[in-house]
Structure formats: structure tokens, C-alpha cells
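Data file: query36.cif. Format and content: mmCIF, C-alpha atoms.
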```cif
data_model
#
loop_
_atom_site.label_atom_id
_atom_site.label_comp_id
_atom_site.auth_asym_id
_atom_site.auth_seq_id
_atom_site.Cartn_x
_atom_site.Cartn_y
_atom_site.Cartn_z
CA ARG A 116 2.59 -64.46 27.05
CA LYS A 117 4.40 -63.18 30.14
CA MET A 118 5.80 -60.25 28.18
CA GLY A 119 2.27 -59.31 27.12
CA SER A 120 1.05 -59.58 30.69
CA ALA A 121 3.92 -57.46 31.99
CA PHE A 122 3.21 -54.82 29.34
CA LEU A 123 -0.46 -54.77 30.34
CA ILE A 124 0.27 -54.18 34.01
CA MET A 125 2.63 -51.30 33.14
CA ALA A 126 -0.02 -49.74 30.91
CA VAL A 127 -2.65 -50.24 33.60
CA ARG A 128 -0.49 -48.52 36.21
CA VAL A 129 0.02 -45.46 33.98
CA LEU A 130 -3.69 -45.24 33.24
CA ILE A 131 -4.50 -45.59 36.93
CA LEU A 132 -2.24 -42.69 37.92
CA VAL A 133 -3.52 -40.40 35.18
CA SER A 134 -7.21 -41.13 35.69
CA LEU A 135 -7.15 -41.05 39.48
CA LEU A 136 -5.07 -37.92 39.78
CA CYS A 137 -7.37 -36.17 37.32
CA VAL A 138 -10.44 -36.87 39.47
CA GLY A 139 -8.71 -36.21 42.77
CA VAL A 140 -8.53 -39.73 44.20
CA VAL A 141 -5.51 -40.41 46.38
CA VAL A 142 -3.31 -43.14 44.88
CA HIS A 143 -1.92 -45.76 47.26
CA ALA A 144 1.21 -47.65 46.19
CA ARG A 145 1.18 -51.43 46.17
CA LYS A 146 3.28 -54.15 44.63
CA ALA A 147 1.54 -56.50 42.20
CA GLU A 148 3.19 -59.01 39.87
CA PRO A 149 1.65 -61.10 37.05
CA MET A 150 0.83 -64.61 38.21
CA ASN A 151 2.59 -67.70 36.98
CA THR A 152 0.44 -69.66 34.53
CA PHE A 153 0.27 -73.45 34.21
CA LYS A 154 -1.55 -75.96 32.04
CA LEU A 155 -3.75 -78.65 33.60
CA ASP A 156 -4.90 -81.30 31.12
CA LEU A 157 -8.12 -83.02 32.14
CA ASN A 158 -7.37 -85.81 29.68
CA VAL A 159 -4.50 -86.79 31.97
CA PRO A 160 -5.46 -89.17 34.82
CA PRO A 161 -6.39 -87.09 37.91
CA GLU A 162 -3.59 -88.77 39.86
CA GLU A 163 -1.03 -87.13 37.53
CA ARG A 164 -2.52 -83.73 36.69
CA TRP A 165 -0.82 -81.70 39.43
CA LYS A 166 2.60 -83.36 39.38
CA HIS A 167 4.42 -80.70 37.34
CA ILE A 168 2.97 -77.90 39.48
CA ILE A 169 3.69 -79.51 42.86
CA GLU A 170 7.29 -80.18 41.78
CA ILE A 171 7.80 -76.43 41.38
CA TYR A 172 6.01 -75.48 44.62
CA HIS A 173 7.11 -78.50 46.65
CA SER A 174 8.45 -76.42 49.55
CA SER A 175 5.46 -74.05 49.60
CA VAL A 176 2.60 -76.55 49.70
CA PRO A 177 3.12 -77.69 53.33
CA LEU A 178 3.17 -74.04 54.48
CA ILE A 179 0.00 -73.21 52.54
CA VAL A 180 -1.77 -76.27 53.91
CA ASP A 181 -0.69 -75.43 57.47
CA TYR A 182 -2.00 -71.89 57.13
CA PHE A 183 -5.47 -72.88 55.93
CA ASN A 184 -5.78 -75.77 58.36
CA SER A 185 -5.03 -73.41 61.24
CA LEU A 186 -8.35 -71.71 60.47
CA ILE A 187 -10.46 -74.87 60.80
CA PRO A 188 -12.20 -75.40 64.15
CA LYS A 189 -10.98 -78.50 65.98
CA GLU A 190 -14.48 -79.93 66.24
CA VAL A 191 -14.59 -80.59 62.49
CA ILE A 192 -11.45 -82.73 62.39
CA PRO A 193 -13.56 -85.92 62.79
CA ILE A 194 -15.53 -84.80 59.72
CA ILE A 195 -12.34 -84.59 57.68
CA GLU A 196 -11.36 -88.05 58.91
CA PHE A 197 -14.81 -89.35 57.92
CA VAL A 198 -14.54 -87.90 54.41
CA MET A 199 -11.07 -89.36 53.94
CA ARG A 200 -12.46 -92.88 54.19
CA ASP A 201 -13.87 -92.57 50.68
CA LEU A 202 -12.75 -89.45 48.84
CA ASP A 203 -13.94 -90.85 45.51
CA LYS A 204 -17.50 -91.08 46.80
CA TYR A 205 -17.56 -87.46 47.97
CA PHE A 206 -15.35 -85.70 45.44
CA GLY A 207 -14.82 -88.02 42.46
CA ASP A 208 -11.85 -87.00 40.34
CA LEU A 209 -11.22 -83.99 42.59
CA GLY A 210 -10.62 -86.43 45.44
CA LYS A 211 -8.04 -88.23 43.32
CA GLU A 212 -6.38 -84.88 42.64
CA MET A 213 -6.21 -84.18 46.39
CA THR A 214 -4.65 -87.59 47.02
CA SER A 215 -1.99 -87.04 44.38
CA ILE A 216 -1.17 -83.55 45.68
CA ALA A 217 -0.54 -85.02 49.14
CA GLU A 218 1.66 -87.76 47.68
CA TYR A 219 3.71 -85.45 45.45
CA ALA A 220 4.15 -82.89 48.25
CA GLY A 221 4.96 -85.57 50.84
CA ILE A 222 2.35 -84.37 53.33
CA ASP A 223 -0.61 -85.87 55.15
CA LEU A 224 -3.72 -86.36 53.00
CA GLY A 225 -5.94 -85.08 55.79
CA MET A 226 -4.16 -81.74 55.65
CA VAL A 227 -4.80 -81.42 51.91
CA VAL A 228 -8.46 -82.36 52.36
CA GLY A 229 -8.65 -79.75 55.14
CA LEU A 230 -7.26 -77.11 52.79
CA ASN A 231 -9.86 -77.96 50.17
CA ILE A 232 -12.85 -77.71 52.48
CA ALA A 233 -11.55 -75.00 54.81
CA LEU A 234 -13.89 -72.36 53.40
CA GLU A 235 -16.90 -74.60 54.07
CA LEU A 236 -15.97 -76.17 57.40
CA ARG A 237 -14.67 -73.14 59.24
CA ARG A 238 -17.34 -71.08 61.01
CA LEU A 239 -18.55 -68.91 58.15
CA GLY A 240 -18.72 -65.30 59.18
CA GLY A 241 -16.84 -66.18 62.35
CA GLY A 242 -15.44 -62.77 63.06
CA ILE A 243 -15.43 -59.55 61.09
CA PRO A 244 -11.94 -58.28 60.22
CA ASN A 245 -10.92 -54.81 61.30
CA ILE A 246 -10.05 -53.17 57.98
CA THR A 247 -11.54 -49.67 57.87
CA GLU A 248 -11.14 -48.76 61.53
CA THR A 249 -7.91 -48.67 63.53
CA HIS A 250 -5.92 -51.79 62.77
CA SER A 251 -5.75 -54.33 65.55
CA SER A 252 -2.77 -56.56 66.22
CA THR A 253 -5.20 -59.45 66.76
CA ASP A 254 -6.38 -59.37 63.15
CA HIS A 255 -4.40 -62.33 61.82
CA TYR A 256 -6.58 -63.57 59.00
CA VAL A 257 -9.63 -62.87 56.88
CA PHE A 258 -11.44 -64.45 53.96
CA GLY A 259 -12.59 -61.23 52.38
CA CYS A 260 -13.31 -60.36 48.77
CA THR A 261 -14.40 -57.51 46.55
CA SER A 262 -15.92 -58.18 43.12
CA ILE A 263 -16.91 -55.57 40.53
CA VAL A 264 -18.82 -55.89 37.25
CA ALA A 265 -18.97 -52.75 35.10
CA GLN A 266 -20.45 -51.96 31.67
CA ASP A 267 -19.15 -49.21 29.43
CA LYS A 268 -21.29 -47.00 27.20
CA ALA A 269 -20.75 -49.33 24.25
CA GLY A 270 -22.26 -52.24 26.17
CA ASN A 271 -18.99 -54.06 26.93
CA VAL A 272 -18.94 -55.81 30.31
CA PHE A 273 -15.81 -56.10 32.48
CA HIS A 274 -15.19 -58.03 35.69
CA GLY A 275 -12.58 -57.71 38.42
CA ARG A 276 -11.96 -58.99 41.92
CA ASN A 277 -9.68 -58.82 44.95
CA MET A 278 -9.17 -61.90 47.12
CA ASP A 279 -8.17 -61.13 50.70
CA TRP A 280 -6.63 -64.37 51.97
CA ASN A 281 -3.82 -62.79 54.01
CA LEU A 282 -1.23 -65.29 52.82
CA PRO A 283 2.31 -64.42 53.94
CA ASP A 284 4.29 -62.62 51.24
CA ASN A 285 6.58 -65.59 50.69
CA LEU A 286 3.57 -67.74 49.72
CA ARG A 287 1.64 -65.30 47.56
CA ASN A 288 3.28 -66.41 44.33
CA ALA A 289 1.67 -69.81 45.00
CA THR A 290 -1.59 -68.26 43.85
CA ILE A 291 -1.53 -69.16 40.18
CA GLN A 292 -3.50 -69.04 36.97
CA ILE A 293 -4.38 -72.41 35.45
CA ASP A 294 -5.37 -72.99 31.84
CA TYR A 295 -7.59 -76.07 31.91
CA TYR A 296 -7.32 -78.19 28.76
CA CYS A 297 -8.95 -81.32 27.44
CA GLY A 298 -6.23 -82.56 25.13
CA ASN A 299 -5.53 -79.66 22.79
CA GLN A 300 -8.76 -77.81 23.58
CA LEU A 301 -8.59 -74.96 26.10
CA LEU A 302 -11.74 -75.38 28.24
CA PHE A 303 -11.45 -72.41 30.58
CA GLN A 304 -9.02 -70.36 32.66
CA GLY A 305 -9.11 -70.04 36.42
CA ILE A 306 -7.18 -68.80 39.44
CA THR A 307 -6.45 -70.91 42.50
CA THR A 308 -3.83 -71.54 45.15
CA VAL A 309 -1.48 -74.48 44.69
CA GLY A 310 -3.06 -77.51 46.35
CA TYR A 311 -6.62 -76.16 46.13
CA VAL A 312 -8.50 -78.09 43.43
CA GLY A 313 -11.58 -75.85 43.28
CA ILE A 314 -11.58 -72.39 41.74
CA LEU A 315 -12.84 -69.07 43.05
CA THR A 316 -12.24 -67.01 39.89
CA GLY A 317 -12.65 -68.12 36.28
CA VAL A 318 -13.51 -67.15 32.71
CA SER A 319 -15.07 -69.34 30.02
CA PRO A 320 -14.61 -69.20 26.24
CA TYR A 321 -18.42 -69.29 26.08
CA GLY A 322 -18.64 -65.67 27.15
CA PHE A 323 -18.97 -65.58 30.92
CA SER A 324 -16.82 -65.08 34.00
CA VAL A 325 -17.50 -65.82 37.67
CA SER A 326 -15.94 -64.91 41.00
CA ILE A 327 -16.89 -66.28 44.42
CA ASN A 328 -17.12 -64.07 47.50
CA GLU A 329 -17.68 -65.46 50.96
CA ARG A 330 -21.07 -64.54 52.41
CA ASP A 331 -21.07 -63.39 56.02
CA LEU A 332 -24.08 -65.34 57.25
CA GLY A 333 -22.72 -67.19 60.24
CA GLY A 334 -23.42 -70.73 59.08
CA ASN A 335 -23.35 -73.96 61.02
CA ILE A 336 -20.36 -76.17 60.32
CA ILE A 337 -22.08 -79.34 61.54
CA VAL A 338 -25.12 -78.75 59.31
CA ASN A 339 -22.83 -77.87 56.41
CA ALA A 340 -20.83 -81.04 56.89
CA ILE A 341 -23.88 -83.31 57.23
CA ASP A 342 -25.41 -81.90 54.06
CA ALA A 343 -22.20 -82.17 52.10
CA PHE A 344 -20.64 -85.38 53.28
CA ILE A 345 -23.27 -87.48 55.05
CA LYS A 346 -26.34 -86.77 52.91
CA ARG A 347 -24.16 -85.96 49.88
CA SER A 348 -26.82 -83.50 48.80
CA ALA A 349 -24.76 -80.35 48.26
CA TRP A 350 -21.69 -79.04 46.45
CA CYS A 351 -18.69 -77.16 47.77
CA PRO A 352 -19.08 -73.74 46.06
CA SER A 353 -15.61 -73.77 44.48
CA HIS A 354 -16.07 -77.33 43.18
CA LEU A 355 -19.39 -76.35 41.62
CA LEU A 356 -17.73 -73.38 39.89
CA ARG A 357 -15.07 -75.65 38.43
CA GLN A 358 -17.83 -77.98 37.19
CA VAL A 359 -19.67 -75.02 35.65
CA MET A 360 -16.53 -73.87 33.88
CA GLU A 361 -15.92 -77.38 32.53
CA LYS A 362 -19.48 -78.08 31.39
CA CYS A 363 -21.59 -74.95 30.78
CA THR A 364 -21.67 -73.45 27.30
CA SER A 365 -23.48 -70.14 27.91
CA TYR A 366 -23.97 -67.37 30.44
CA SER A 367 -27.61 -68.37 30.93
CA GLU A 368 -26.76 -72.03 31.57
CA ALA A 369 -24.05 -71.08 34.08
CA HIS A 370 -26.47 -68.67 35.78
CA LYS A 371 -29.08 -71.42 36.17
CA VAL A 372 -26.66 -74.01 37.57
CA LEU A 373 -25.10 -71.56 40.02
CA SER A 374 -28.59 -70.45 41.10
CA ASP A 375 -30.26 -73.85 41.49
CA THR A 376 -27.62 -76.25 42.82
CA PRO A 377 -27.64 -76.89 46.61
CA LEU A 378 -24.44 -75.71 48.30
CA VAL A 379 -22.52 -76.65 51.42
CA ALA A 380 -22.14 -73.04 52.54
CA PRO A 381 -23.56 -69.58 51.73
CA VAL A 382 -21.62 -67.60 49.12
CA TYR A 383 -21.97 -64.87 46.53
CA TYR A 384 -21.49 -65.81 42.89
CA ILE A 385 -20.68 -62.67 40.91
CA MET A 386 -21.14 -63.12 37.16
CA ALA A 387 -20.34 -61.18 34.02
CA GLY A 388 -21.24 -61.99 30.42
CA SER A 389 -20.29 -61.02 26.91
CA LYS A 390 -23.46 -59.04 26.13
CA SER A 391 -24.83 -55.80 27.53
CA ASN A 392 -26.64 -56.18 30.85
CA GLU A 393 -25.18 -59.64 31.42
CA GLY A 394 -24.11 -59.33 35.01
CA ALA A 395 -25.42 -60.62 38.34
CA ILE A 396 -24.79 -60.96 42.05
CA LEU A 397 -26.28 -64.27 43.23
CA SER A 398 -26.63 -64.13 47.02
CA ARG A 399 -26.74 -67.86 47.72
CA ASP A 400 -27.68 -69.74 50.85
CA ARG A 401 -27.33 -73.51 51.05
CA ASN A 402 -30.59 -74.06 49.19
CA ALA A 403 -31.64 -72.80 45.76
CA ASN A 404 -33.59 -69.66 44.79
CA PRO A 405 -30.96 -66.98 45.43
CA HIS A 406 -31.60 -63.33 46.08
CA GLU A 407 -30.15 -61.83 42.92
CA LYS A 408 -29.21 -58.38 41.76
CA LEU A 409 -28.92 -58.01 38.00
CA LEU A 410 -26.98 -55.56 35.88
CA ASN A 411 -29.64 -53.30 34.38
CA VAL A 412 -28.02 -50.24 32.86
CA SER A 413 -30.38 -47.34 32.32
CA SER A 414 -29.83 -43.61 31.89
CA SER A 415 -32.70 -43.05 34.32
CA LEU A 416 -31.01 -45.12 37.06
CA PRO A 417 -27.89 -43.38 38.48
CA ASN A 418 -24.84 -45.65 38.78
CA SER A 419 -26.71 -48.62 37.29
CA TRP A 420 -23.69 -49.27 35.06
CA TYR A 421 -21.95 -51.38 37.71
CA LEU A 422 -22.45 -54.06 40.35
CA MET A 423 -20.19 -54.40 43.39
CA GLU A 424 -20.10 -56.96 46.20
CA THR A 425 -17.87 -57.44 49.22
CA ASN A 426 -18.94 -59.97 51.88
CA TYR A 427 -22.22 -58.58 53.19
CA ASP A 428 -25.74 -58.58 51.77
CA TYR A 429 -26.10 -55.40 49.73
CA TRP A 430 -29.54 -54.66 51.20
CA ASP A 431 -28.02 -54.47 54.70
CA LYS A 432 -25.40 -52.09 56.09
CA ALA A 433 -21.80 -53.23 56.12
CA PRO A 434 -20.16 -53.30 59.58
CA PRO A 435 -18.23 -50.08 60.34
CA LYS A 436 -14.90 -51.83 60.82
CA ASP A 437 -15.12 -53.53 57.41
CA ASP A 438 -16.93 -51.03 55.22
CA ARG A 439 -14.97 -51.63 52.02
CA ARG A 440 -18.30 -51.31 50.24
CA SER A 441 -18.73 -47.57 50.86
CA TYR A 442 -15.20 -46.83 49.69
CA ALA A 443 -15.61 -48.93 46.54
CA HIS A 444 -18.84 -47.11 45.67
CA LYS A 445 -17.10 -43.79 46.22
CA TYR A 446 -14.17 -44.70 43.97
CA LEU A 447 -16.41 -46.07 41.21
CA GLN A 448 -18.70 -43.07 41.23
CA THR A 449 -15.82 -40.60 41.42
CA LEU A 450 -14.21 -42.12 38.34
CA GLY A 451 -17.56 -42.50 36.59
CA GLN A 452 -18.53 -44.86 33.83
CA ASP A 453 -16.15 -43.31 31.28
CA ASN A 454 -13.09 -44.02 33.45
CA ALA A 455 -14.08 -46.98 35.61
CA ALA A 456 -15.86 -49.30 33.15
CA SER A 457 -12.74 -50.96 31.75
CA LEU A 458 -10.06 -53.36 32.94
CA SER A 459 -7.77 -50.49 33.89
CA GLY A 460 -10.59 -48.61 35.61
CA ILE A 461 -11.61 -51.60 37.71
CA TYR A 462 -7.97 -52.25 38.55
CA SER A 463 -7.68 -48.68 39.80
CA VAL A 464 -10.61 -49.15 42.18
CA LEU A 465 -9.27 -52.51 43.37
CA SER A 466 -5.93 -50.81 44.07
CA GLN A 467 -7.30 -48.25 46.53
CA TRP A 468 -7.42 -48.66 50.32
CA PRO A 469 -9.38 -50.28 51.86
CA VAL A 470 -10.66 -52.17 48.81
CA TRP A 471 -7.03 -53.17 48.61
CA ASN A 472 -5.77 -53.80 52.14
CA ARG A 473 -3.09 -55.68 54.01
CA PHE A 474 -5.04 -58.94 53.59
CA THR A 475 -5.27 -58.70 49.77
CA THR A 476 -3.51 -61.67 48.19
CA TYR A 477 -4.44 -61.34 44.54
CA THR A 478 -6.30 -59.24 41.98
CA ALA A 479 -7.94 -60.61 38.84
CA LEU A 480 -9.30 -58.80 35.78
CA MET A 481 -11.57 -60.46 33.21
CA ASN A 482 -13.16 -59.56 29.89
CA PRO A 483 -15.57 -62.41 29.10
CA ALA A 484 -16.34 -61.19 25.58
CA LYS A 485 -12.67 -61.55 24.65
CA TYR A 486 -12.07 -64.61 26.87
CA GLU A 487 -9.42 -62.65 28.73
CA ILE A 488 -8.10 -63.00 32.28
CA HIS A 489 -5.16 -61.33 34.03
CA GLY A 490 -4.12 -62.38 37.51
CA TYR A 491 -1.74 -60.47 39.78
CA ASP A 492 -0.19 -61.64 43.05
CA VAL A 493 -0.33 -58.70 45.47
CA TYR A 494 2.34 -58.11 48.12
CA THR A 495 2.30 -56.03 51.29
#
```
Target format C-alpha cells, applied to this file:
Amino acid sequence: RKMGSAFLIMAVRVLILVSLLCVGVVVHARKAEPMNTFKLDLNVPPEERWKHIIEIYHSSVPLIVDYFNSLIPKEVIPIIEFVMRDLDKYFGDLGKEMTSIAEYAGIDLGMVVGLNIALELRRLGGGIPNITETHSSTDHYVFGCTSIVAQDKAGNVFHGRNMDWNLPDNLRNATIQIDYYCGNQLLFQGITTVGYVGILTGVSPYGFSVSINERDLGGNIIVNAIDAFIKRSAWCPSHLLRQVMEKCTSYSEAHKVLSDTPLVAPVYYIMAGSKSNEGAILSRDRNANPHEKLLNVSSSLPNSWYLMETNYDYWDKAPPKDDRRSYAHKYLQTLGQDNAASLSGIYSVLSQWPVWNRFTTYTALMNPAKYEIHGYDVYT
């Protein structure tokens, strides 16, 4: 499997150079290595599922947890302590997984819980990173993302994403691909960081793939926390995606669940399917009824062959110092549908500055029709 993945990345790199140089796009060098892949069997008790993974990353987990917890505002620490009183009530089996991760890694449970709700409890949209203007020495972190869905002229749909978590280089190989099984049945494949039980990128054998991008809407951490943990009326977005991957058996079912389920925090769900025109950007707030943009390829609509989302509502302008969107559109349209609507074409766009930037931690490529996912840890 690893040999096949290594061969793919070499082939992708050659195709990138040829296609980009032919259309005049400047190629930026970056180092990307295929992710390590692990099996997680959901038939195994949740207290034991992560043991074999934590044993390998035992020294990395405390550093990862420290990094993410450093991003959580101090005023939400009492919320974490409140949730810890009854993890089963709030998270079910995922709470048991968190408890076991803390035990196997020999670290405080509160820190692991903090890692797993950091995206929800930190002040969402609390500061726009300086990516496309002059770099600032004060830019120390960002939760940025770029997701692309593209359809070729034969109607095949492809999906790719960058995750900009700004993990230190020595921790980036702790972003891993997990093959989720139920006994001998492979349920789905996803990408996560060791210790994080939700998923932000995944592909299902039922012909759909999903990536989560953070939505820059501000957000109120106290309201988020009350809805999620006091009222118990909403899902953490990454936990909902894992549930969707475990339970949904079609693109349309996944689309409905991701559209209608109340969430703790605003996000974008970017979807791709196995049939032509199966693609969507679901701009979610905490309630249902998202603003959605659908893939609707038509010869009369220029550039309708792709969807692209960063971290800002597509109907509004992106901020000048983080305008990855304009660059991504430029790269996609320069390559055109013939060159960009493929795994290698999407990889080429995701490899160009500032779509790829110093914060980029991993890149994922997915072909839902073939139930295919390739994850690459990216290094500065």
C-alpha cells in the first residue's frame, strides 16, 4: 500500500511540473510525504481502540495536546471541567475514546478533552491570519483550510483539501489516515491528528467524500458551549462527520444530515459524490437550513466545473491579508478543466502559494467514485 502511495505522489509531482510549466504558472517547491495509515476497529471496545496508535506516538501526543490547548481561551476552562464530569453523557463512545487516549498517553484527561473541542470552544474567527500580505512575526497559528471539488468532462468528480493547522514540523507526521473497520468490513477512511477522535476529512464506500473548513463568523464560545454541553442540543462538527461516515449510505443521505443537524459552531461542509454534479458547499451556522452552493456544470456557465472554499463566505470578499481564494481561482482557471479536474490537477493547485502556505499541515486527495483517498503530511 505504501509503495503504491509513494508511486502516486511521484507521478503527481511530474504531472504538476509538466502541466503548470506549460500554462505558465510558477511552481513552488514543498515537501510532502504520504501519511501513515492505521486501522481502527469499531468492534473493539472504545477504551481499547486507540492503544496501538498511542503506543507509536506516545511522545508526540502531549506536545500536540499542549499546542491545541494553548489556543483555547482561559474563560472556557470551567466548561471543559464541567464536561469532564460525565463524558459518556456528552460524547458517548467518543468520550470513552478520549479517556483511553489520556490513559495510554499518560496525560491529563482535561487536556485531551480540550484538544477535541478546541475548534468549537476557541473564539471562532478570532483573528485573520496574515498569509497573502507581508508576513508578520506575530502570526503564530491559524485554523485555515482550502477545499476544492472539480468535475472533468466525463462527469467524474474529484475532491481535494489543504488543512492549515500550523503544527511544528516534528509533529506533522502525527496527522494520520485511519481506516475505520467494523470487524472485517471497512466502513470508511478518514484523516485526523493523533488524539483527535473526530474527523475533518473522509471518504465513504457509498460514493461520497466530505471535508470541513472553519467558517469565519466570529461565534460566541459561551453560547456554543451552552448549546453543546448544557442543553445537549448540538453536535461538534467533526463528531457529526464521523457519525455520517459511519452511518450514511448515500450522498443524498449524508447531504441531508450535514444540512439539518444543529451544530456547536459554524463550519463549511464541502461534499463530493460519485455522479456528475454531485458536489456542494454547505455554509452552516449553528442551526439548520444552510446556505448552499451546488456543483452545476454547464457549458453556458464559465468555470462552473468546480467549487472552491477557503474560510470566508463565497458571496462576500475575502480579507486582503488572507485572500487565498483569489489565487486558487486563478490557478484553477489557468489550468482549466482539462488539466485541473483530476487528482493531480487539484494537487497542483493545492501546492501553490498561498493556497499552500507556511501553516499548511496536510493535503488530502479523494475520488469518491473509486473510494480513494491519499493523505500527505506537508512540511515547511
Quick one: contact table of range 196-303 of chain A to range 165-174 of chain A, 12 Å max, nearest atom pair and distance in Å to one decimal per residue, counting all atoms listed in the file, chain and number order, as a tab-separated table?
```
residue	atom	partner	partner_atom	distance
A:Leu209	CA	A:Trp165	CA	11.1
A:Lys211	CA	A:Trp165	CA	10.5
A:Glu212	CA	A:Trp165	CA	7.2
A:Met213	CA	A:Trp165	CA	9.1
A:Thr214	CA	A:Trp165	CA	10.3
A:Ser215	CA	A:Trp165	CA	7.4
A:Ile216	CA	A:Trp165	CA	6.5
A:Ala217	CA	A:Ile169	CA	9.4
A:Glu218	CA	A:Lys166	CA	9.4
A:Tyr219	CA	A:Ile169	CA	6.5
A:Ala220	CA	A:His173	CA	5.5
A:Gly221	CA	A:His173	CA	8.5
A:Ile222	CA	A:His173	CA	10.1
A:Asn285	CA	A:Ser174	CA	11.0
A:Leu286	CA	A:Tyr172	CA	9.6
A:Arg287	CA	A:Tyr172	CA	11.5
A:Asn288	CA	A:Tyr172	CA	9.5
A:Ala289	CA	A:Tyr172	CA	7.2
A:Thr290	CA	A:Tyr172	CA	10.5
A:Ile291	CA	A:Ile168	CA	9.9
A:Gln292	CA	A:Ile168	CA	11.3
A:Ile293	CA	A:Ile168	CA	10.0
A:Tyr295	CA	A:Trp165	CA	11.6
```
Residue contacts of Thr247 in chain A (12 Å, all atoms listed in the file) excluding same-chain residues fewer than 3 positions away, as a ChimeraX atom specification: /A:243-244,250-251,433-442,468-473
Axis-aligned box for range 436-448 of chain A, 5 Å per side, centre and edges in Å as lines of an AutoDock Vina configuration file:
```
center_x = -16.5
center_y = -48.3
center_z = 51.0
size_x = 14.7
size_y = 20.5
size_z = 29.6
```
Atom-to-atom span, CA of Ile385 in chain A and CA of Gly305 in chain A, Å: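 If I compute the distance from CA of Ile385 in chain A to CA of Gly305 in chain A, I get 14.4 Å.
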Point-to-point distance from CA of Ala349 in chain A to CA of Thr425 in chain A, Å rounded to tenths: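 CA of Thr425 in chain A lies at a distance of 23.9 Å from CA of Ala349 in chain A.
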Separation of CA of Asp294 in chain A from CA of Gly210 in chain A, in Å and rounded to one decimal: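 We find that CA of Asp294 in chain A and CA of Gly210 in chain A lie 19.8 Å from each other.
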Assuming the input is short of atoms at range 300-311 of chain A, produce N, CA and C atoms for that part as a compact mmCIF listing (two decimals), in the coordinates of the input.
```txt
# COMPACT_ATOMS: atom_id res chain seq x y z
N GLN A 300 -7.71 -78.81 23.48
CA GLN A 300 -8.76 -77.81 23.58
C GLN A 300 -8.69 -77.10 24.93
N LEU A 301 -8.59 -75.77 24.89
CA LEU A 301 -8.59 -74.96 26.10
C LEU A 301 -10.04 -74.81 26.56
N LEU A 302 -10.36 -75.39 27.74
CA LEU A 302 -11.74 -75.38 28.24
C LEU A 302 -12.09 -74.10 28.97
N PHE A 303 -11.21 -73.63 29.82
CA PHE A 303 -11.45 -72.41 30.58
C PHE A 303 -10.16 -72.03 31.30
N GLN A 304 -10.16 -70.84 31.88
CA GLN A 304 -9.02 -70.36 32.66
C GLN A 304 -9.49 -69.96 34.04
N GLY A 305 -8.71 -70.33 35.05
CA GLY A 305 -9.11 -70.04 36.42
C GLY A 305 -7.92 -69.68 37.29
N ILE A 306 -8.22 -69.18 38.47
CA ILE A 306 -7.18 -68.80 39.44
C ILE A 306 -7.43 -69.59 40.72
N THR A 307 -6.36 -70.14 41.27
CA THR A 307 -6.45 -70.91 42.50
C THR A 307 -5.12 -70.83 43.23
N THR A 308 -5.08 -71.42 44.40
CA THR A 308 -3.83 -71.54 45.15
C THR A 308 -3.34 -72.97 45.03
N VAL A 309 -2.05 -73.15 44.88
CA VAL A 309 -1.48 -74.48 44.69
C VAL A 309 -1.96 -75.41 45.80
N GLY A 310 -2.52 -76.54 45.40
CA GLY A 310 -3.06 -77.51 46.35
C GLY A 310 -4.56 -77.44 46.51
N TYR A 311 -5.17 -76.35 46.02
CA TYR A 311 -6.62 -76.16 46.13
C TYR A 311 -7.24 -76.50 44.79
```
